[in-house]
$ cat final30.txt   # compact mmCIF, C-alpha atoms
# COMPACT_ATOMS: atom_id res chain seq x y z
CA MET K 1 -64.78 43.09 91.26
CA GLU K 2 -65.85 39.49 90.62
CA ASN K 3 -65.48 39.20 86.87
CA ASP K 4 -62.67 39.58 84.40
CA PHE K 5 -63.27 41.17 81.02
CA MET K 6 -62.35 40.71 77.38
CA VAL K 7 -62.23 43.28 74.59
CA GLU K 8 -62.41 42.21 70.97
CA THR K 9 -61.68 43.52 67.48
CA GLU K 10 -63.83 46.65 67.73
CA PHE K 11 -61.81 47.84 70.73
CA LEU K 12 -58.43 47.06 69.13
CA PHE K 13 -59.34 49.06 66.02
CA GLY K 14 -60.00 51.90 68.48
CA PHE K 15 -56.27 52.05 69.22
CA GLN K 16 -55.77 54.47 66.31
CA PRO K 17 -56.97 58.09 66.24
CA LYS K 18 -59.00 57.90 63.03
CA ASP K 19 -61.37 55.36 64.60
CA LYS K 20 -64.69 56.61 66.01
CA HIS K 21 -64.06 54.82 69.32
CA TYR K 22 -60.52 56.16 69.80
CA ASP K 23 -61.34 58.62 72.61
CA LEU K 24 -63.42 56.10 74.55
CA ALA K 25 -60.90 53.32 74.07
CA SER K 26 -58.07 55.65 75.16
CA ASN K 27 -59.97 56.69 78.30
CA ILE K 28 -60.68 53.05 79.14
CA LEU K 29 -57.00 52.16 78.74
CA LYS K 30 -55.93 55.05 80.96
CA ALA K 31 -58.49 54.19 83.63
CA TYR K 32 -57.57 50.50 83.53
CA THR K 33 -53.82 51.16 83.80
CA ALA K 34 -54.37 53.47 86.76
CA THR K 35 -56.46 51.05 88.81
CA LYS K 36 -56.40 47.50 87.34
CA PRO K 37 -59.30 46.30 89.54
CA PHE K 38 -59.64 43.14 87.41
CA SER K 39 -57.89 41.42 84.51
CA LEU K 40 -58.57 42.64 81.00
CA TYR K 41 -57.88 40.33 78.07
CA TYR K 42 -57.72 40.57 74.29
CA PRO K 43 -58.23 37.34 72.35
CA VAL K 44 -55.88 36.10 69.65
CA SER K 45 -59.03 35.59 67.56
CA ALA K 46 -59.36 39.40 67.39
CA LEU K 47 -55.86 39.68 65.96
CA VAL K 48 -56.73 37.01 63.39
CA GLU K 49 -59.80 39.06 62.43
CA ILE K 50 -57.74 42.24 62.09
CA ARG K 51 -55.34 40.33 59.86
CA GLU K 52 -58.22 39.15 57.67
CA VAL K 53 -59.83 42.60 57.51
CA MET K 54 -56.49 44.05 56.41
CA ALA K 55 -55.96 41.28 53.85
CA SER K 56 -59.45 41.91 52.44
CA HIS K 57 -58.40 45.55 51.95
CA LYS K 58 -55.32 44.37 50.04
CA LYS K 59 -52.91 45.45 52.77
CA ALA K 60 -49.47 43.91 52.21
CA ALA K 61 -47.90 41.38 54.57
CA GLU K 62 -45.45 44.02 55.84
CA GLU K 63 -48.31 46.35 56.73
CA ARG K 64 -50.15 43.53 58.48
CA LEU K 65 -47.03 42.56 60.41
CA ASN K 66 -46.50 46.13 61.58
CA ALA K 67 -50.15 46.70 62.51
CA LEU K 68 -50.37 43.47 64.52
CA THR K 69 -47.05 44.20 66.23
CA PHE K 70 -48.07 47.74 67.16
CA ILE K 71 -51.51 46.67 68.40
CA LYS K 72 -50.00 43.93 70.54
CA THR K 73 -47.37 46.33 71.87
CA LYS K 74 -50.00 48.90 72.83
CA ALA K 75 -52.16 46.26 74.49
CA VAL K 76 -49.23 44.93 76.51
CA LEU K 77 -48.02 48.41 77.50
CA PHE K 78 -51.47 49.13 78.95
CA GLY K 79 -51.45 45.87 80.90
CA LEU K 80 -53.89 43.83 78.80
CA HIS K 81 -53.33 40.07 78.78
CA GLU K 82 -53.50 37.87 75.72
CA LYS K 83 -56.05 35.05 75.66
CA GLY K 84 -55.17 32.27 73.25
CA LEU K 85 -57.43 30.15 71.09
CA SER K 86 -57.98 26.53 72.13
CA SER K 87 -59.55 23.52 70.44
CA ASP K 88 -62.41 23.86 72.96
CA ASP K 89 -62.98 27.38 71.64
CA LEU K 90 -63.17 26.11 68.05
CA ILE K 91 -65.59 23.32 69.00
CA LEU K 92 -67.84 25.68 70.97
CA CYS K 93 -67.67 28.12 68.05
CA GLU K 94 -69.08 25.48 65.69
CA ASP K 95 -71.84 24.70 68.21
CA LEU K 96 -72.76 28.39 68.44
CA LEU K 97 -72.75 28.72 64.63
CA MET K 98 -75.11 25.74 64.36
CA GLN K 99 -77.51 27.11 66.94
CA HIS K 100 -77.44 30.76 65.88
CA ARG K 101 -77.47 31.10 62.11
CA PHE K 102 -77.10 34.89 62.26
CA LEU K 103 -73.58 34.66 63.72
CA THR K 104 -70.46 35.24 61.67
CA PHE K 105 -67.40 33.05 62.18
CA PHE K 106 -65.61 35.75 64.16
CA ASP K 107 -68.69 36.44 66.33
CA GLY K 108 -68.61 32.75 67.20
CA LEU K 109 -64.88 32.66 67.88
CA HIS K 110 -64.83 35.67 70.19
CA ALA K 111 -67.99 34.47 71.95
CA SER K 112 -66.48 31.01 72.53
CA VAL K 113 -63.32 32.46 74.06
CA ALA K 114 -65.45 34.61 76.40
CA LEU K 115 -67.73 31.71 77.37
CA ASN K 116 -64.97 29.13 77.88
CA ASN K 117 -62.98 31.54 80.05
CA LYS K 118 -65.97 33.03 81.88
CA LEU K 119 -65.14 36.54 80.69
CA LEU K 120 -67.51 39.46 80.24
CA ILE K 121 -67.22 40.92 76.78
CA ILE K 122 -66.65 44.62 76.12
CA SER K 123 -68.44 45.41 72.89
CA ASN K 124 -71.02 47.81 71.46
CA ASP K 125 -72.36 44.98 69.28
CA ASP K 126 -75.58 43.41 70.60
CA VAL K 127 -74.96 40.23 68.59
CA TYR K 128 -73.57 38.62 71.76
CA ASP K 129 -76.70 39.23 73.83
CA GLU K 130 -78.56 36.12 72.69
CA LEU K 131 -75.64 33.82 73.47
CA GLY K 132 -75.68 34.00 77.25
CA ILE K 133 -72.63 36.24 77.41
CA LYS K 134 -72.65 39.24 79.70
CA ARG K 135 -71.72 42.31 77.69
CA LEU K 136 -70.85 45.89 78.51
CA SER K 137 -70.70 48.73 75.99
CA PHE K 138 -67.54 50.85 75.96
CA LYS K 139 -69.39 53.65 77.80
CA ASP K 140 -70.76 51.35 80.49
CA PHE K 141 -67.35 49.76 80.91
CA LEU K 142 -65.71 53.16 81.36
CA ASN K 143 -68.36 54.05 83.95
CA LEU K 144 -67.31 51.00 86.00
CA PHE K 145 -64.04 52.77 86.79
CA LYS K 146 -65.88 55.83 88.08
CA LYS K 147 -67.82 53.85 90.72
CA MET P 1 -23.54 44.03 58.34
CA SER P 2 -22.00 43.70 61.83
CA ILE P 3 -20.86 41.05 64.26
CA VAL P 4 -21.29 41.91 67.92
CA GLU P 5 -20.97 40.08 71.20
CA VAL P 6 -23.74 39.35 73.63
CA GLY P 7 -22.73 41.34 76.71
CA PRO P 8 -23.63 41.23 80.41
CA LYS P 9 -27.38 40.77 81.00
CA TYR P 10 -27.51 39.53 77.39
CA ARG P 11 -27.33 43.05 75.99
CA VAL P 12 -26.49 43.51 72.31
CA THR P 13 -25.31 46.71 70.60
CA ILE P 14 -27.12 47.86 67.48
CA THR P 15 -24.20 49.14 65.48
CA GLN P 16 -24.04 52.40 63.55
CA SER P 17 -24.07 50.61 60.21
CA VAL P 18 -27.37 48.95 61.08
CA ARG P 19 -28.80 52.16 62.58
CA LYS P 20 -28.02 53.99 59.33
CA LYS P 21 -30.37 51.62 57.52
CA ILE P 22 -32.93 51.19 60.29
CA PRO P 23 -32.87 54.25 62.58
CA VAL P 24 -33.52 53.57 66.26
CA LYS P 25 -33.16 55.91 69.22
CA VAL P 26 -31.95 55.17 72.74
CA GLY P 27 -35.05 54.44 74.80
CA GLN P 28 -37.15 53.46 71.81
CA ARG P 29 -39.08 50.20 72.26
CA VAL P 30 -38.52 47.22 70.00
CA TYR P 31 -40.56 44.05 69.68
CA LEU P 32 -38.29 41.04 70.11
CA LEU P 33 -39.46 38.01 68.19
CA ALA P 34 -37.90 34.53 68.50
CA ARG P 35 -37.99 32.84 65.11
CA PHE P 36 -35.66 29.91 65.57
CA PRO P 37 -32.76 30.04 64.86
CA TYR P 38 -33.06 33.83 64.48
CA MET P 39 -34.04 36.73 66.72
CA ILE P 40 -35.95 39.50 65.01
CA LEU P 41 -36.19 43.06 66.32
CA ILE P 42 -39.13 45.15 65.14
CA PRO P 43 -38.77 48.85 66.08
CA ILE P 44 -41.91 50.30 67.68
CA PRO P 45 -42.51 53.91 66.59
CA GLU P 46 -42.61 56.52 69.35
CA LYS P 47 -46.01 57.66 68.08
CA VAL P 48 -47.58 54.23 67.82
CA ASP P 49 -51.16 55.56 67.55
CA GLU P 50 -50.26 57.65 64.51
CA ALA P 51 -48.36 54.74 62.99
CA LEU P 52 -51.47 52.59 63.38
CA ALA P 53 -53.57 55.33 61.79
CA GLU P 54 -51.28 55.20 58.76
CA LEU P 55 -51.72 51.44 58.53
CA ILE P 56 -55.42 50.93 59.27
CA GLY P 57 -56.91 54.43 59.52
CA ASP P 58 -58.64 54.04 56.16
CA ILE P 59 -60.65 51.06 57.45
CA LYS P 60 -63.90 51.95 59.22
CA TYR P 61 -64.45 48.85 61.31
CA SER P 62 -68.06 47.60 61.45
CA ARG P 63 -70.11 44.40 61.12
CA GLU P 64 -69.61 44.68 57.36
CA GLU P 65 -65.86 44.47 57.92
CA ARG P 66 -66.39 41.38 60.09
CA LYS P 67 -68.27 39.74 57.23
CA ARG P 68 -65.48 40.72 54.84
CA ALA P 69 -62.96 39.16 57.22
CA GLU P 70 -64.90 35.91 57.23
CA GLU P 71 -65.09 35.87 53.42
CA GLN P 72 -61.36 36.57 53.22
CA PHE P 73 -60.62 33.79 55.71
CA LEU P 74 -62.67 31.28 53.70
CA LYS P 75 -61.08 32.43 50.44
CA GLU P 76 -57.60 31.86 51.79
CA ALA P 77 -58.53 28.52 53.34
CA THR P 78 -59.80 27.08 50.05

$ encode --input "final30.txt" --output "structure tokens"
Amino acid sequence: MENDFMVETEFLFGFQPKDKHYDLASNILKAYTATKPFSLYYPVSALVEIREVMASHKKAAEERLNALTFIKTKAVLFGLHEKGLSSDDLILCEDLLMQHRFLTFFDGLHASVALNNKLLIISNDDVYDELGIKRLSFKDFLNLFKK
Amino acid sequence: MSIVEVGPKYRVTITQSVRKKIPVKVGQRVYLLARFPYMILIPIPEKVDEALAELIGDIKYSREERKRAEEQFLKEAT
């Protein structure tokens, strides 16, 4: 396969069984671990977003620490690679936010990481479609492993 | 607490007195964090999915949550 892929916050929230995407995310992780036909990344920006979501729900620092640790552990155990955040990502994020007023800050951050690293994004959110990023839904991504 | 030696292959024993306060099992995973000059061990639960459900299972992630995250980020930055 030519391209590498990147999940984002929506997928990481799917690591826990009360999430609506848990079954799909679990099947993707199993299929990826079994074959690893390409590299699969999770961006640090997604962990920052999870931290902010938790903080907005008044989750304590200890809860945030544990959640981020467990999410990272699960990602690493399934062979996902971390993709850091660079100054180029921040600059491109600002450019995207200027050009596309409908974007949120975290849309822009995740999109910039995908664009700067030439990664296809795995998301059910069509917000990325107008930014020139190739996107696959969770279902379509899982189907890739069946081909 | 306890004083232990770093053994061959840099192995360190988690003593009984520490295990009484923070239970860990043989084979259990821990997250090892370097926080100079300390090393921090964070035990990873055997049922990590269920542990995550306890921590974030009440949050239904959506675009609304992404907007909340942005507002929270700006609030903390200012």

$ interface_residues --input "final30.txt" --of "chain P" --to "chain K" --cutoff "9 Å" --atoms "only C-alpha atoms" --output "list in words"
Tyr31, Ile42, Ile44, Pro45, Val48, Asp49, Glu50, Ala51, Leu52, Ala53, Glu54, Leu55, Ile56, Gly57, Asp58, Ile59, Lys60, Tyr61, Ser62, Arg63, Glu65, Arg66, Lys67, Arg68, Ala69, Glu70, Glu71, Gln72 and Phe73 of chain P

$ write_last_selection --input "final30.txt" --atoms "C-alpha atoms" --output "PDB file, keeping the file's coordinate frame"
ATOM      1  CA  TYR P  31     -40.560  44.050  69.680  1.00  0.00           C
ATOM      2  CA  ILE P  42     -39.130  45.150  65.140  1.00  0.00           C
ATOM      3  CA  ILE P  44     -41.910  50.300  67.680  1.00  0.00           C
ATOM      4  CA  PRO P  45     -42.510  53.910  66.590  1.00  0.00           C
ATOM      5  CA  VAL P  48     -47.580  54.230  67.820  1.00  0.00           C
ATOM      6  CA  ASP P  49     -51.160  55.560  67.550  1.00  0.00           C
ATOM      7  CA  GLU P  50     -50.260  57.650  64.510  1.00  0.00           C
ATOM      8  CA  ALA P  51     -48.360  54.740  62.990  1.00  0.00           C
ATOM      9  CA  LEU P  52     -51.470  52.590  63.380  1.00  0.00           C
ATOM     10  CA  ALA P  53     -53.570  55.330  61.790  1.00  0.00           C
ATOM     11  CA  GLU P  54     -51.280  55.200  58.760  1.00  0.00           C
ATOM     12  CA  LEU P  55     -51.720  51.440  58.530  1.00  0.00           C
ATOM     13  CA  ILE P  56     -55.420  50.930  59.270  1.00  0.00           C
ATOM     14  CA  GLY P  57     -56.910  54.430  59.520  1.00  0.00           C
ATOM     15  CA  ASP P  58     -58.640  54.040  56.160  1.00  0.00           C
ATOM     16  CA  ILE P  59     -60.650  51.060  57.450  1.00  0.00           C
ATOM     17  CA  LYS P  60     -63.900  51.950  59.220  1.00  0.00           C
ATOM     18  CA  TYR P  61     -64.450  48.850  61.310  1.00  0.00           C
ATOM     19  CA  SER P  62     -68.060  47.600  61.450  1.00  0.00           C
ATOM     20  CA  ARG P  63     -70.110  44.400  61.120  1.00  0.00           C
ATOM     21  CA  GLU P  65     -65.860  44.470  57.920  1.00  0.00           C
ATOM     22  CA  ARG P  66     -66.390  41.380  60.090  1.00  0.00           C
ATOM     23  CA  LYS P  67     -68.270  39.740  57.230  1.00  0.00           C
ATOM     24  CA  ARG P  68     -65.480  40.720  54.840  1.00  0.00           C
ATOM     25  CA  ALA P  69     -62.960  39.160  57.220  1.00  0.00           C
ATOM     26  CA  GLU P  70     -64.900  35.910  57.230  1.00  0.00           C
ATOM     27  CA  GLU P  71     -65.090  35.870  53.420  1.00  0.00           C
ATOM     28  CA  GLN P  72     -61.360  36.570  53.220  1.00  0.00           C
ATOM     29  CA  PHE P  73     -60.620  33.790  55.710  1.00  0.00           C
TER      30      PHE P  73
END

$ atom_distance --input "final30.txt" --atom1 "atom CA of Ser86 of chain K" --atom2 "atom CA of Leu32 of chain P"
24.5 Å

$ residues_around --input "final30.txt" --residues "segment 12-28 of chain P" --least-positions-apart "4" --cutoff "8 Å" --atoms "only C-alpha atoms" --output "ChimeraX atom specification"
/P:1-2,4-7,43-46

$ atom_distance --input "final30.txt" --atom1 "atom CA of Leu12 of chain K" --atom2 "atom CA of Met39 of chain P"
26.6 Å

$ closest_residue --input "final30.txt" --among "K:Asp140, K:Glu62, K:Glu8, K:Asp126" --to "Leu47 of chain K" --atoms "all atoms listed in the file"
K:Glu8

$ atom_distance --input "final30.txt" --atom1 "atom CA of Tyr32 of chain K" --atom2 "atom CA of Lys83 of chain K"
17.4 Å

$ residues_around --input "final30.txt" --residues "Ala114 of chain K" --least-positions-apart "5" --cutoff "12 Å" --atoms "all atoms listed in the file" --output "number ranges by chain"
K: 3-8, 40-46, 83-86, 88-89, 92-93, 107-109, 119-123, 128, 131-135

$ residues_near_point --input "final30.txt" --point "(-54.5, 49.0, 82.3)" --cutoff "9 Å" --atoms "only C-alpha atoms" --output "NGL selection string"
:K and (28-36 or 39-40 or 75-80)

$ decode --input "final30.txt" --residues "segment 16-65 of chain P" --atoms "N, CA and C atoms" --output "CSV table (one decimal), in the first residue's frame"
chain,number,residue,atom,x,y,z
P,16,GLN,N,7.6,-5.3,48.9
P,16,GLN,CA,6.3,-5.6,49.4
P,16,GLN,C,5.7,-4.4,50.0
P,17,SER,N,6.5,-3.6,50.7
P,17,SER,CA,5.9,-2.4,51.4
P,17,SER,C,5.3,-1.5,50.3
P,18,VAL,N,5.9,-1.4,49.2
P,18,VAL,CA,5.3,-0.5,48.1
P,18,VAL,C,4.1,-1.2,47.5
P,19,ARG,N,4.2,-2.5,47.3
P,19,ARG,CA,3.1,-3.2,46.7
P,19,ARG,C,1.8,-3.2,47.6
P,20,LYS,N,2.1,-3.1,48.9
P,20,LYS,CA,0.9,-3.1,49.8
P,20,LYS,C,0.1,-1.8,49.5
P,21,LYS,N,0.8,-0.7,49.2
P,21,LYS,CA,0.1,0.6,48.9
P,21,LYS,C,-0.4,0.7,47.5
P,22,ILE,N,0.5,0.2,46.6
P,22,ILE,CA,0.1,0.2,45.2
P,22,ILE,C,0.2,-1.2,44.6
P,23,PRO,N,-0.9,-2.0,44.6
P,23,PRO,CA,-0.8,-3.4,44.2
P,23,PRO,C,-0.4,-3.5,42.7
P,24,VAL,N,0.6,-4.4,42.5
P,24,VAL,CA,1.0,-4.7,41.1
P,24,VAL,C,1.2,-6.2,41.1
P,25,LYS,N,0.9,-6.8,39.9
P,25,LYS,CA,1.1,-8.3,39.8
P,25,LYS,C,2.3,-8.5,38.8
P,26,VAL,N,2.9,-9.7,39.0
P,26,VAL,CA,3.9,-10.1,38.1
P,26,VAL,C,3.3,-10.2,36.7
P,27,GLY,N,3.9,-9.6,35.7
P,27,GLY,CA,3.4,-9.6,34.3
P,27,GLY,C,2.6,-8.4,34.0
P,28,GLN,N,2.2,-7.7,35.0
P,28,GLN,CA,1.4,-6.5,34.7
P,28,GLN,C,2.3,-5.4,34.0
P,29,ARG,N,1.7,-4.7,33.1
P,29,ARG,CA,2.5,-3.6,32.4
P,29,ARG,C,2.5,-2.4,33.3
P,30,VAL,N,3.6,-1.6,33.2
P,30,VAL,CA,3.7,-0.3,33.8
P,30,VAL,C,4.2,0.7,32.8
P,31,TYR,N,3.8,1.9,32.9
P,31,TYR,CA,4.3,2.9,32.0
P,31,TYR,C,5.5,3.6,32.8
P,32,LEU,N,6.6,3.6,32.1
P,32,LEU,CA,7.8,4.2,32.8
P,32,LEU,C,8.1,5.5,32.2
P,33,LEU,N,8.0,6.5,33.1
P,33,LEU,CA,8.2,7.9,32.7
P,33,LEU,C,9.4,8.5,33.3
P,34,ALA,N,10.3,9.1,32.5
P,34,ALA,CA,11.5,9.8,33.0
P,34,ALA,C,11.1,11.2,33.3
P,35,ARG,N,11.2,11.6,34.5
P,35,ARG,CA,10.9,13.0,34.9
P,35,ARG,C,12.1,13.4,35.8
P,36,PHE,N,13.2,13.8,35.1
P,36,PHE,CA,14.5,14.1,35.7
P,36,PHE,C,14.3,14.9,37.0
P,37,PRO,N,14.9,14.5,38.1
P,37,PRO,CA,15.8,13.4,38.3
P,37,PRO,C,15.1,12.1,38.7
P,38,TYR,N,13.8,12.0,38.5
P,38,TYR,CA,13.0,10.9,39.0
P,38,TYR,C,12.7,9.9,37.9
P,39,MET,N,12.3,8.7,38.2
P,39,MET,CA,11.6,7.8,37.3
P,39,MET,C,10.3,7.4,37.9
P,40,ILE,N,9.2,7.6,37.1
P,40,ILE,CA,7.9,7.4,37.6
P,40,ILE,C,7.3,6.1,37.0
P,41,LEU,N,6.7,5.2,37.8
P,41,LEU,CA,6.1,4.0,37.2
P,41,LEU,C,4.6,4.2,37.4
P,42,ILE,N,3.8,4.1,36.3
P,42,ILE,CA,2.4,4.2,36.3
P,42,ILE,C,1.8,2.8,36.0
P,43,PRO,N,1.2,2.1,37.0
P,43,PRO,CA,0.7,0.8,36.6
P,43,PRO,C,-0.4,0.8,35.6
P,44,ILE,N,-0.4,0.0,34.6
P,44,ILE,CA,-1.4,-0.1,33.6
P,44,ILE,C,-2.4,-1.2,34.0
P,45,PRO,N,-3.7,-0.9,34.2
P,45,PRO,CA,-4.6,-2.0,34.6
P,45,PRO,C,-4.7,-3.1,33.6
P,46,GLU,N,-4.9,-4.3,34.0
P,46,GLU,CA,-5.1,-5.5,33.1
P,46,GLU,C,-6.2,-5.2,32.1
P,47,LYS,N,-7.3,-4.7,32.6
P,47,LYS,CA,-8.5,-4.4,31.8
P,47,LYS,C,-8.5,-2.9,31.5
P,48,VAL,N,-7.6,-2.6,30.5
P,48,VAL,CA,-7.4,-1.1,30.2
P,48,VAL,C,-8.6,-0.5,29.6
P,49,ASP,N,-9.3,-1.3,28.8
P,49,ASP,CA,-10.5,-0.7,28.1
P,49,ASP,C,-11.6,-0.3,29.2
P,50,GLU,N,-11.8,-1.2,30.2
P,50,GLU,CA,-12.7,-0.9,31.2
P,50,GLU,C,-12.3,0.3,32.1
P,51,ALA,N,-10.9,0.3,32.3
P,51,ALA,CA,-10.4,1.5,33.1
P,51,ALA,C,-10.7,2.8,32.3
P,52,LEU,N,-10.5,2.8,31.0
P,52,LEU,CA,-10.8,4.0,30.2
P,52,LEU,C,-12.2,4.3,30.3
P,53,ALA,N,-13.1,3.3,30.3
P,53,ALA,CA,-14.5,3.5,30.3
P,53,ALA,C,-14.9,4.3,31.6
P,54,GLU,N,-14.2,3.9,32.7
P,54,GLU,CA,-14.5,4.5,34.0
P,54,GLU,C,-14.1,6.0,33.9
P,55,LEU,N,-13.0,6.3,33.2
P,55,LEU,CA,-12.4,7.6,33.1
P,55,LEU,C,-13.1,8.6,32.2
P,56,ILE,N,-13.5,8.0,31.0
P,56,ILE,CA,-14.0,8.9,29.9
P,56,ILE,C,-15.3,8.4,29.3
P,57,GLY,N,-15.9,7.3,29.9
P,57,GLY,CA,-17.1,6.7,29.4
P,57,GLY,C,-18.3,7.5,29.4
P,58,ASP,N,-18.3,8.6,30.3
P,58,ASP,CA,-19.4,9.5,30.4
P,58,ASP,C,-19.4,10.6,29.3
P,59,ILE,N,-18.3,10.6,28.5
P,59,ILE,CA,-18.2,11.7,27.5
P,59,ILE,C,-18.6,11.0,26.2
P,60,LYS,N,-19.5,11.6,25.5
P,60,LYS,CA,-19.9,11.1,24.2
P,60,LYS,C,-19.2,12.1,23.2
P,61,TYR,N,-18.1,11.6,22.6
P,61,TYR,CA,-17.3,12.5,21.8
P,61,TYR,C,-18.0,12.8,20.5
P,62,SER,N,-18.0,14.1,20.1
P,62,SER,CA,-18.7,14.6,18.9
P,62,SER,C,-18.0,15.9,18.5
P,63,ARG,N,-18.6,16.6,17.5
P,63,ARG,CA,-18.0,17.9,17.1
P,63,ARG,C,-18.3,18.9,18.2
P,64,GLU,N,-19.4,18.7,19.0
P,64,GLU,CA,-19.7,19.6,20.1
P,64,GLU,C,-18.5,19.5,21.1
P,65,GLU,N,-18.1,18.3,21.3
P,65,GLU,CA,-17.0,18.2,22.3
P,65,GLU,C,-15.7,18.8,21.8
